[in-house]
Number of protein chains: 2
Amino acid sequence: MPQIKAINHVAIVVEDMAKPLAFWRDALGLELHELRDVPAEKSQIAFLPVGNGEVELVRPTSDDSGIAKYLAKRGQGMHHFCLEVDDIEGMMSQLKAKNIRLINEEPRTSADGKKYAFIHPESTGGVLVELYQL
Amino acid sequence: MPQIKAINHVAIVVEDMAKPLAFWRDALGLELHELRDVPAEKSQIAFLPVGNGEVELVRPTSDDSGIAKYLAKRGQGMHHFCLEVDDIEGMMSQLKAKNIRLINEEPRTSADGKKYAFIHPESTGGVLVELYQL
């Protein structure tokens with residue numbers, strides 16, 4: 001049986017980086033591990049490790065991206081949170097068999113080889129949930 | 001220096017328990033550790049452990065509670081997420097010195113002896129953040 005192993009990260013969509021970094025990095029003391037431009041997602045992402053997981057701050061760099069539209073509609077706040085799973089294909093099959101509404105029917109693979117998929121908020125209690133497998 | 005140790009839990013406010021439990025417990029396979037009535041918060045809370053943390057589903061049991069008003073205004077979704085800290089008093093002093101907007105100026109103590117405090121979304125990028133110390 002596929003298993004959920006941990007909460008991996010929480011992603012927060014922000015209007016700009018300065019004020020959130022003044023909290024997460026400067027006041028709370030988290031390390032800013034990387035501030036990465038992600039042209040494919042028209043975003044800049046700040047990665048701040050927390051224990052075995054991390055907080056991600058996501059800032060749209062274009063007005064026409066999905067994340068920019070999300071920000072315009074809902075304002076700053078949680079975008080999604082991500083759970084680590086040991087067998088993403090197995091878990092996706094299990095979710096389909098239970099009629100869970102998925103955003104990605106099959107796992108995608110990121111540039112660094114990580115497999116991931118998103119689950120629709122309609123099935124989860126209103127939150128966008130990402131599954132990923134290393 | 002006080003340190004953040006881990007993401008402890010993600011709390012999701014829900015209209016009812018049946019559909020979210022069909023996802024989190026029945027489809028994703030998390031254990032429903034406890035379904036607890038919390039009269040002081042006019043809520044019922046489902047605790048589902050994930051690794052060293054947990055997902056919490058919070059359902060208002062009265063229309064006049066803070067959580068019910070949050071649900072009425074924003075709909076289902078993320079309510080807050082919680083970080084474990086090793087020295088909450090030290091961290092609160094550090095946040096005050098950095099002019100972070102707090103909801104609790106001093107830590108509160110829960111029935112089970114856990115110290116906790118909330119940080120205002122205005123300072124964090126739009127998310128309600130809880131700090132807690134065991």
# chains A, B, ... in the order shown; residues from 1 in each chain; ligands from 1
call {"tool": "residues_around", "arguments": {"residues": "Gly66 in chain B", "least_positions_apart": "4", "cutoff": "9 Å", "atoms": "only C-alpha atoms", "output": "PyMOL selection string"}}
result
chain B and resi 41-42+60+70-71
call {"tool": "write_last_selection", "arguments": {"atoms": "N, CA and C atoms", "output": "mmCIF file, in the first residue's frame"}}
result
data_model
loop_
_atom_site.group_PDB
_atom_site.id
_atom_site.type_symbol
_atom_site.label_atom_id
_atom_site.label_comp_id
_atom_site.auth_asym_id
_atom_site.auth_seq_id
_atom_site.Cartn_x
_atom_site.Cartn_y
_atom_site.Cartn_z
ATOM 1 N N GLU B 41 -13.845 25.773 21.905
ATOM 2 C CA GLU B 41 -13.690 26.417 20.596
ATOM 3 C C GLU B 41 -14.899 26.182 19.695
ATOM 4 N N LYS B 42 -15.956 25.598 20.276
ATOM 5 C CA LYS B 42 -17.171 25.306 19.525
ATOM 6 C C LYS B 42 -16.854 24.604 18.207
ATOM 7 N N PRO B 60 -16.817 23.732 12.585
ATOM 8 C CA PRO B 60 -17.542 24.500 13.607
ATOM 9 C C PRO B 60 -18.792 23.747 14.060
ATOM 10 N N TYR B 70 -15.191 32.510 10.138
ATOM 11 C CA TYR B 70 -14.124 32.348 9.139
ATOM 12 C C TYR B 70 -14.643 31.520 7.963
ATOM 13 N N LEU B 71 -15.325 30.430 8.280
ATOM 14 C CA LEU B 71 -15.879 29.550 7.240
ATOM 15 C C LEU B 71 -16.924 30.281 6.399
#
call {"tool": "select_by_dssp", "arguments": {"residues": "chain A", "states": "helix (DSSP H, G or I)", "output": "NGL selection string"}}
result
:A and (18-27 or 39-41 or 66-74 or 88-97 or 121-124)
call {"tool": "interface_residues", "arguments": {"of": "chain B", "to": "chain A", "cutoff": "7 Å", "atoms": "only C-alpha atoms", "output": "ChimeraX atom specification"}}
result
/B:4-7,12,14,19-20,23,27-28,50-51,76-78,94-95,98,100,123-127
call {"tool": "atom_distance", "arguments": {"atom1": "CA of Asp112 in chain B", "atom2": "CA of Ile45 in chain B"}}
result
15.5 Å
call {"tool": "residues_around", "arguments": {"residues": "Lys115 in chain B", "least_positions_apart": "5", "cutoff": "12 Å", "atoms": "only C-alpha atoms", "output": "PDB file with N, CA, C and O atoms, in the first residue's frame"}}
result
ATOM      1  N   LEU B  83       4.054  25.827  13.433  1.00  0.00           N
ATOM      2  CA  LEU B  83       5.479  25.514  13.479  1.00  0.00           C
ATOM      3  C   LEU B  83       5.883  25.215  14.916  1.00  0.00           C
ATOM      4  O   LEU B  83       5.456  25.916  15.846  1.00  0.00           O
ATOM      5  N   GLU B  84       6.704  24.196  15.096  1.00  0.00           N
ATOM      6  CA  GLU B  84       7.227  23.895  16.426  1.00  0.00           C
ATOM      7  C   GLU B  84       8.461  24.744  16.679  1.00  0.00           C
ATOM      8  O   GLU B  84       9.335  24.861  15.823  1.00  0.00           O
ATOM      9  N   VAL B  85       8.526  25.334  17.871  1.00  0.00           N
ATOM     10  CA  VAL B  85       9.664  26.168  18.261  1.00  0.00           C
ATOM     11  C   VAL B  85      10.206  25.653  19.595  1.00  0.00           C
ATOM     12  O   VAL B  85       9.454  25.129  20.413  1.00  0.00           O
ATOM     13  N   ASP B  86      11.515  25.772  19.793  1.00  0.00           N
ATOM     14  CA  ASP B  86      12.097  25.204  21.026  1.00  0.00           C
ATOM     15  C   ASP B  86      12.016  26.154  22.212  1.00  0.00           C
ATOM     16  O   ASP B  86      12.210  25.731  23.352  1.00  0.00           O
ATOM     17  N   ASP B  87      11.756  27.448  21.967  1.00  0.00           N
ATOM     18  CA  ASP B  87      11.716  28.446  23.051  1.00  0.00           C
ATOM     19  C   ASP B  87      10.725  29.518  22.640  1.00  0.00           C
ATOM     20  O   ASP B  87      11.090  30.515  22.004  1.00  0.00           O
ATOM     21  N   ILE B  88       9.467  29.313  22.997  1.00  0.00           N
ATOM     22  CA  ILE B  88       8.425  30.214  22.470  1.00  0.00           C
ATOM     23  C   ILE B  88       8.541  31.614  23.067  1.00  0.00           C
ATOM     24  O   ILE B  88       8.340  32.605  22.365  1.00  0.00           O
ATOM     25  N   GLU B  89       8.884  31.719  24.357  1.00  0.00           N
ATOM     26  CA  GLU B  89       9.036  33.066  24.941  1.00  0.00           C
ATOM     27  C   GLU B  89      10.155  33.834  24.238  1.00  0.00           C
ATOM     28  O   GLU B  89      10.012  35.015  23.909  1.00  0.00           O
ATOM     29  N   MET B  92       8.933  34.885  20.812  1.00  0.00           N
ATOM     30  CA  MET B  92       7.975  35.995  20.841  1.00  0.00           C
ATOM     31  C   MET B  92       8.703  37.322  21.074  1.00  0.00           C
ATOM     32  O   MET B  92       8.366  38.340  20.465  1.00  0.00           O
ATOM     33  N   ASN B 104      -1.393  36.999  19.662  1.00  0.00           N
ATOM     34  CA  ASN B 104      -1.190  36.828  21.106  1.00  0.00           C
ATOM     35  C   ASN B 104       0.144  37.471  21.483  1.00  0.00           C
ATOM     36  O   ASN B 104       1.187  37.040  20.997  1.00  0.00           O
ATOM     37  N   GLU B 106       1.509  37.366  24.376  1.00  0.00           N
ATOM     38  CA  GLU B 106       2.214  36.400  25.224  1.00  0.00           C
ATOM     39  C   GLU B 106       1.703  35.006  24.858  1.00  0.00           C
ATOM     40  O   GLU B 106       0.549  34.858  24.466  1.00  0.00           O
ATOM     41  N   PRO B 107       2.523  33.977  25.044  1.00  0.00           N
ATOM     42  CA  PRO B 107       2.060  32.617  24.767  1.00  0.00           C
ATOM     43  C   PRO B 107       0.881  32.241  25.663  1.00  0.00           C
ATOM     44  O   PRO B 107       0.808  32.665  26.820  1.00  0.00           O
ATOM     45  N   ARG B 108      -0.027  31.458  25.125  1.00  0.00           N
ATOM     46  CA  ARG B 108      -1.105  30.865  25.910  1.00  0.00           C
ATOM     47  C   ARG B 108      -0.738  29.423  26.212  1.00  0.00           C
ATOM     48  O   ARG B 108       0.158  28.858  25.575  1.00  0.00           O
ATOM     49  N   THR B 109      -1.435  28.842  27.179  1.00  0.00           N
ATOM     50  CA  THR B 109      -1.169  27.444  27.519  1.00  0.00           C
ATOM     51  C   THR B 109      -2.440  26.647  27.331  1.00  0.00           C
ATOM     52  O   THR B 109      -3.493  27.009  27.853  1.00  0.00           O
ATOM     53  N   SER B 110      -2.369  25.586  26.547  1.00  0.00           N
ATOM     54  CA  SER B 110      -3.550  24.754  26.292  1.00  0.00           C
ATOM     55  C   SER B 110      -3.785  23.805  27.461  1.00  0.00           C
ATOM     56  O   SER B 110      -2.962  23.698  28.369  1.00  0.00           O
ATOM     57  N   GLU B 130       0.722  29.626  13.549  1.00  0.00           N
ATOM     58  CA  GLU B 130       0.777  29.303  14.977  1.00  0.00           C
ATOM     59  C   GLU B 130       2.190  28.834  15.316  1.00  0.00           C
ATOM     60  O   GLU B 130       2.818  28.106  14.553  1.00  0.00           O
ATOM     61  N   LEU B 131       2.675  29.279  16.445  1.00  0.00           N
ATOM     62  CA  LEU B 131       3.914  28.734  16.997  1.00  0.00           C
ATOM     63  C   LEU B 131       3.532  27.899  18.202  1.00  0.00           C
ATOM     64  O   LEU B 131       2.638  28.276  18.966  1.00  0.00           O
ATOM     65  N   TYR B 132       4.206  26.765  18.388  1.00  0.00           N
ATOM     66  CA  TYR B 132       3.951  26.041  19.608  1.00  0.00           C
ATOM     67  C   TYR B 132       5.224  25.379  20.125  1.00  0.00           C
ATOM     68  O   TYR B 132       6.160  25.101  19.384  1.00  0.00           O
ATOM     69  N   GLN B 133       5.227  25.228  21.437  1.00  0.00           N
ATOM     70  CA  GLN B 133       6.339  24.553  22.104  1.00  0.00           C
ATOM     71  C   GLN B 133       5.754  23.450  22.968  1.00  0.00           C
ATOM     72  O   GLN B 133       4.800  23.662  23.718  1.00  0.00           O
ATOM     73  N   LEU B 134       6.288  22.267  22.865  1.00  0.00           N
ATOM     74  CA  LEU B 134       5.791  21.128  23.668  1.00  0.00           C
ATOM     75  C   LEU B 134       5.976  21.388  25.164  1.00  0.00           C
ATOM     76  O   LEU B 134       6.961  21.983  25.564  1.00  0.00           O
TER      77      LEU B 134
END
call {"tool": "closest_residue", "arguments": {"among": "B:Phe47, B:Glu34, B:Cys82, B:Ser65", "to": "Phe118 in chain B", "atoms": "only C-alpha atoms"}}
result
B:Cys82
call {"tool": "closest_residue", "arguments": {"among": "A:Ala72, A:Arg25, A:Tyr116, A:Ser62", "to": "Asp37 in chain A", "atoms": "only C-alpha atoms"}}
result
A:Ser62
